[in-house]
Amino acid sequence: MPWRPALRPAERAGAILRDAGCRGWVHARRVDDPDDDIGLDPDDIVPIASVYKAALALVWALDADAGALDPRERLSLRPSGRTPGPTGLSILSDDVEMSSRDLVRLALTLSDNAAADHLLDLLGGPARVSAVLAGLGHEITVRGGTRHSLAMGLQETGTPDEASYMRALADIHRDVVTSQYDPALATSASARTLTGLLADLWGDRLVPGEHGDVVRGAMTRQVSSHRLRSGLPHDDVDIAGKTGTLGTLRHEVGVVTFPDEVPIAVAVLTRSARPERHLPVVDAAIGAAAAAVVHPLRAPL
């Protein structure tokens, strides 16, 4: 067998994702050094689905720190117009009262669509959230929340409700065209931008106090942690993350912290060739690709 040079980490990540049947955009960096990084097309703009909820949480923390909102104020949330979804407030039928900091926890730990949409409204809507992020140097264009993207998807696919829309996106016999796959029309960002946002959260530069702790703690408790954890399965490694999943889009961003080492922010964004809702081979590839770019960046504190 002829000798072949070992793949560089980014090339290795790309090969892992291609073998799983998907296109990938990857970036990893130490939270203390933006120049110590590894990337695979890290500056391409990609629709990010529910990953945007992490950016929403950062804006909430900044507003809470500035006194622009009371994170403990009780909010009355009515079921009428509540955004559908598989978790959290989205599956409830009755009135709910809770604080905005608990909305953040639901949006991050469960990717609760209704909680995130309530937060987006509370923070002033997509234009204001995008402007705050841009002012921090994070070019994340928020077109709307899940309520908006769902309305667009229903119209584009001719489906009557959220469940039918999800089935249409997963139908292998149907070539679904939706604006939610178009970075010019959907909420979008680059992998590099997303790791920069995570570095701001973990570097304690912007939100060092209790409101930043709410966001960081919620991401550490994310229920769907299997993507990154599949590639980094060590019990002594802390992983805080946020998923994003819609049709052929499967994403994971997170911060990986080995004992006594500098935390590493990583983003693995993918679009699969197959549309099925459950593609464990892609989930595992996301974890393996993350490991391929995280390990070379490890450094002691």
# chains A, B, ... in the order shown; residues from 1 in each chain; ligands from 1

call {"tool": "residues_around", "arguments": {"residues": "segment 260-265 of chain A", "least_positions_apart": "4", "cutoff": "12 Å", "atoms": "only C-alpha atoms", "output": "PyMOL selection string"}}
result
chain A and resi 26-34+36-39+191-203+228+236-242+252-256+290-291+293-301

call {"tool": "write_last_selection", "arguments": {"atoms": "C-alpha atoms", "output": "mmCIF file, in the first residue's frame"}}
result
data_model
loop_
_atom_site.group_PDB
_atom_site.id
_atom_site.type_symbol
_atom_site.label_atom_id
_atom_site.label_comp_id
_atom_site.auth_asym_id
_atom_site.auth_seq_id
_atom_site.Cartn_x
_atom_site.Cartn_y
_atom_site.Cartn_z
ATOM 1 C CA VAL A 26 -16.237 23.409 11.315
ATOM 2 C CA HIS A 27 -14.351 25.754 13.614
ATOM 3 C CA ALA A 28 -12.592 25.279 16.942
ATOM 4 C CA ARG A 29 -10.581 27.733 19.025
ATOM 5 C CA ARG A 30 -9.292 28.196 22.524
ATOM 6 C CA VAL A 31 -11.509 30.661 24.379
ATOM 7 C CA ASP A 32 -8.452 32.715 25.353
ATOM 8 C CA ASP A 33 -6.930 33.009 21.869
ATOM 9 C CA PRO A 34 -8.868 33.533 18.599
ATOM 10 C CA ASP A 36 -5.138 29.410 17.998
ATOM 11 C CA ASP A 37 -7.788 27.750 15.874
ATOM 12 C CA ILE A 38 -8.668 25.078 13.303
ATOM 13 C CA GLY A 39 -11.328 25.504 10.634
ATOM 14 C CA ALA A 191 -18.891 28.547 12.351
ATOM 15 C CA ARG A 192 -16.180 31.059 13.295
ATOM 16 C CA THR A 193 -18.753 33.595 14.473
ATOM 17 C CA LEU A 194 -20.428 30.998 16.665
ATOM 18 C CA THR A 195 -17.197 29.978 18.399
ATOM 19 C CA GLY A 196 -16.465 33.662 18.962
ATOM 20 C CA LEU A 197 -19.814 34.060 20.673
ATOM 21 C CA LEU A 198 -19.091 31.055 22.891
ATOM 22 C CA ALA A 199 -15.643 32.425 23.717
ATOM 23 C CA ASP A 200 -17.261 35.675 24.859
ATOM 24 C CA LEU A 201 -19.609 33.729 27.120
ATOM 25 C CA TRP A 202 -16.903 31.524 28.614
ATOM 26 C CA GLY A 203 -14.190 34.134 28.744
ATOM 27 C CA LEU A 228 -20.491 16.218 21.010
ATOM 28 C CA ASP A 236 -14.146 14.159 33.578
ATOM 29 C CA VAL A 237 -14.666 16.394 30.530
ATOM 30 C CA ASP A 238 -17.277 19.153 30.824
ATOM 31 C CA ILE A 239 -19.309 19.813 27.691
ATOM 32 C CA ALA A 240 -21.740 22.701 27.351
ATOM 33 C CA GLY A 241 -23.604 22.810 24.074
ATOM 34 C CA LYS A 242 -26.513 23.849 21.907
ATOM 35 C CA GLU A 252 -23.821 21.412 17.370
ATOM 36 C CA VAL A 253 -21.863 24.180 19.049
ATOM 37 C CA GLY A 254 -20.287 23.935 22.446
ATOM 38 C CA VAL A 255 -17.456 24.486 24.869
ATOM 39 C CA VAL A 256 -15.269 21.528 25.826
ATOM 40 C CA ALA A 290 -15.410 17.886 16.887
ATOM 41 C CA ALA A 291 -12.870 15.607 18.561
ATOM 42 C CA VAL A 293 -10.295 19.597 15.843
ATOM 43 C CA VAL A 294 -10.522 19.930 19.634
ATOM 44 C CA HIS A 295 -7.699 17.591 20.665
ATOM 45 C CA PRO A 296 -4.912 19.412 18.763
ATOM 46 C CA LEU A 297 -5.838 22.678 20.523
ATOM 47 C CA ARG A 298 -5.641 21.382 24.089
ATOM 48 C CA ALA A 299 -3.396 23.401 26.391
ATOM 49 C CA PRO A 300 -2.885 23.655 30.165
ATOM 50 C CA LEU A 301 -4.226 26.591 32.119
#

call {"tool": "residues_around", "arguments": {"residues": "Arg72 of chain A", "least_positions_apart": "5", "cutoff": "7 Å", "atoms": "only C-alpha atoms", "output": "number ranges by chain"}}
result
A: 99-101

call {"tool": "atom_distance", "arguments": {"atom1": "atom CA of Phe258 of chain A", "atom2": "atom CA of Ser225 of chain A"}}
result
16.3 Å

call {"tool": "closest_residue", "arguments": {"among": "A:Ala55, A:Leu279, A:Ala64, A:Ala273", "to": "Asp175 of chain A", "atoms": "only C-alpha atoms"}}
result
A:Ala273

call {"tool": "select_by_dssp", "arguments": {"residues": "segment 73-272 of chain A", "states": "strand (DSSP E)", "output": "NGL selection string"}}
result
:A and (75-77 or 96-98 or 188-189 or 238-246 or 249-257 or 264-272)

call {"tool": "select_by_dssp", "arguments": {"residues": "segment 68-283 of chain A", "states": "alpha helix (DSSP H)", "output": "PyMOL selection string"}}
result
chain A and resi 100-109+113-122+126-135+146-157+162-169+191-202+210-220+226-231+280-283

call {"tool": "closest_residue", "arguments": {"among": "A:Val104, A:Leu69, A:Leu62, A:Ala186", "to": "Val129 of chain A", "atoms": "only C-alpha atoms"}}
result
A:Leu62

call {"tool": "residues_around", "arguments": {"residues": "Gly81 of chain A", "least_positions_apart": "6", "cutoff": "12 Å", "atoms": "only C-alpha atoms", "output": "PDB file with C-alpha atoms, in the first residue's frame"}}
result
ATOM      1  CA  LEU A  89     -43.743  25.174  27.010  1.00  0.00           C
ATOM      2  CA  SER A  90     -44.480  24.148  23.432  1.00  0.00           C
ATOM      3  CA  LEU A  92     -48.315  22.653  27.364  1.00  0.00           C
ATOM      4  CA  SER A  93     -51.999  23.531  27.066  1.00  0.00           C
ATOM      5  CA  ASP A  94     -52.533  25.940  29.946  1.00  0.00           C
ATOM      6  CA  ASP A  95     -51.401  29.348  31.164  1.00  0.00           C
ATOM      7  CA  ALA A 114     -42.062  28.654  22.735  1.00  0.00           C
ATOM      8  CA  ASP A 117     -39.946  33.025  20.982  1.00  0.00           C
ATOM      9  CA  HIS A 118     -41.135  34.650  24.223  1.00  0.00           C
ATOM     10  CA  ARG A 147     -42.753  31.004  14.992  1.00  0.00           C
ATOM     11  CA  HIS A 148     -41.549  32.885  11.911  1.00  0.00           C
ATOM     12  CA  ALA A 151     -44.921  29.960   9.265  1.00  0.00           C
TER      13      ALA A 151
END

call {"tool": "residues_around", "arguments": {"residues": "Ser224 of chain A", "least_positions_apart": "2", "cutoff": "8 Å", "atoms": "only C-alpha atoms", "output": "compact mmCIF listing (two decimals) with C-alpha atoms, in the first residue's frame"}}
result
# COMPACT_ATOMS: atom_id res chain seq x y z
CA THR A 109 -31.61 22.84 28.00
CA LEU A 110 -34.63 21.63 26.01
CA GLN A 222 -28.47 20.49 27.65
CA HIS A 226 -25.17 13.10 22.45
CA ARG A 227 -23.56 14.69 19.39
CA THR A 243 -28.00 21.79 19.12

call {"tool": "closest_residue", "arguments": {"among": "A:Leu103, A:Ala168, A:Ala10, A:Ala289", "to": "Gly153 of chain A", "atoms": "only C-alpha atoms"}}
result
A:Ala168

call {"tool": "closest_residue", "arguments": {"among": "A:Thr178, A:Ser76, A:Thr270, A:Thr220", "to": "Thr257 of chain A", "atoms": "only C-alpha atoms"}}
result
A:Thr220

call {"tool": "closest_residue", "arguments": {"among": "A:Glu156, A:Glu162, A:Glu97, A:Asp182", "to": "Asn113 of chain A", "atoms": "only C-alpha atoms"}}
result
A:Glu162

call {"tool": "closest_residue", "arguments": {"among": "A:Val59, A:Leu232, A:Ile286, A:Ala218", "to": "Leu136 of chain A", "atoms": "only C-alpha atoms"}}
result
A:Val59

call {"tool": "atom_distance", "arguments": {"atom1": "atom CA of Val223 of chain A", "atom2": "atom CA of Val96 of chain A"}}
result
21.8 Å
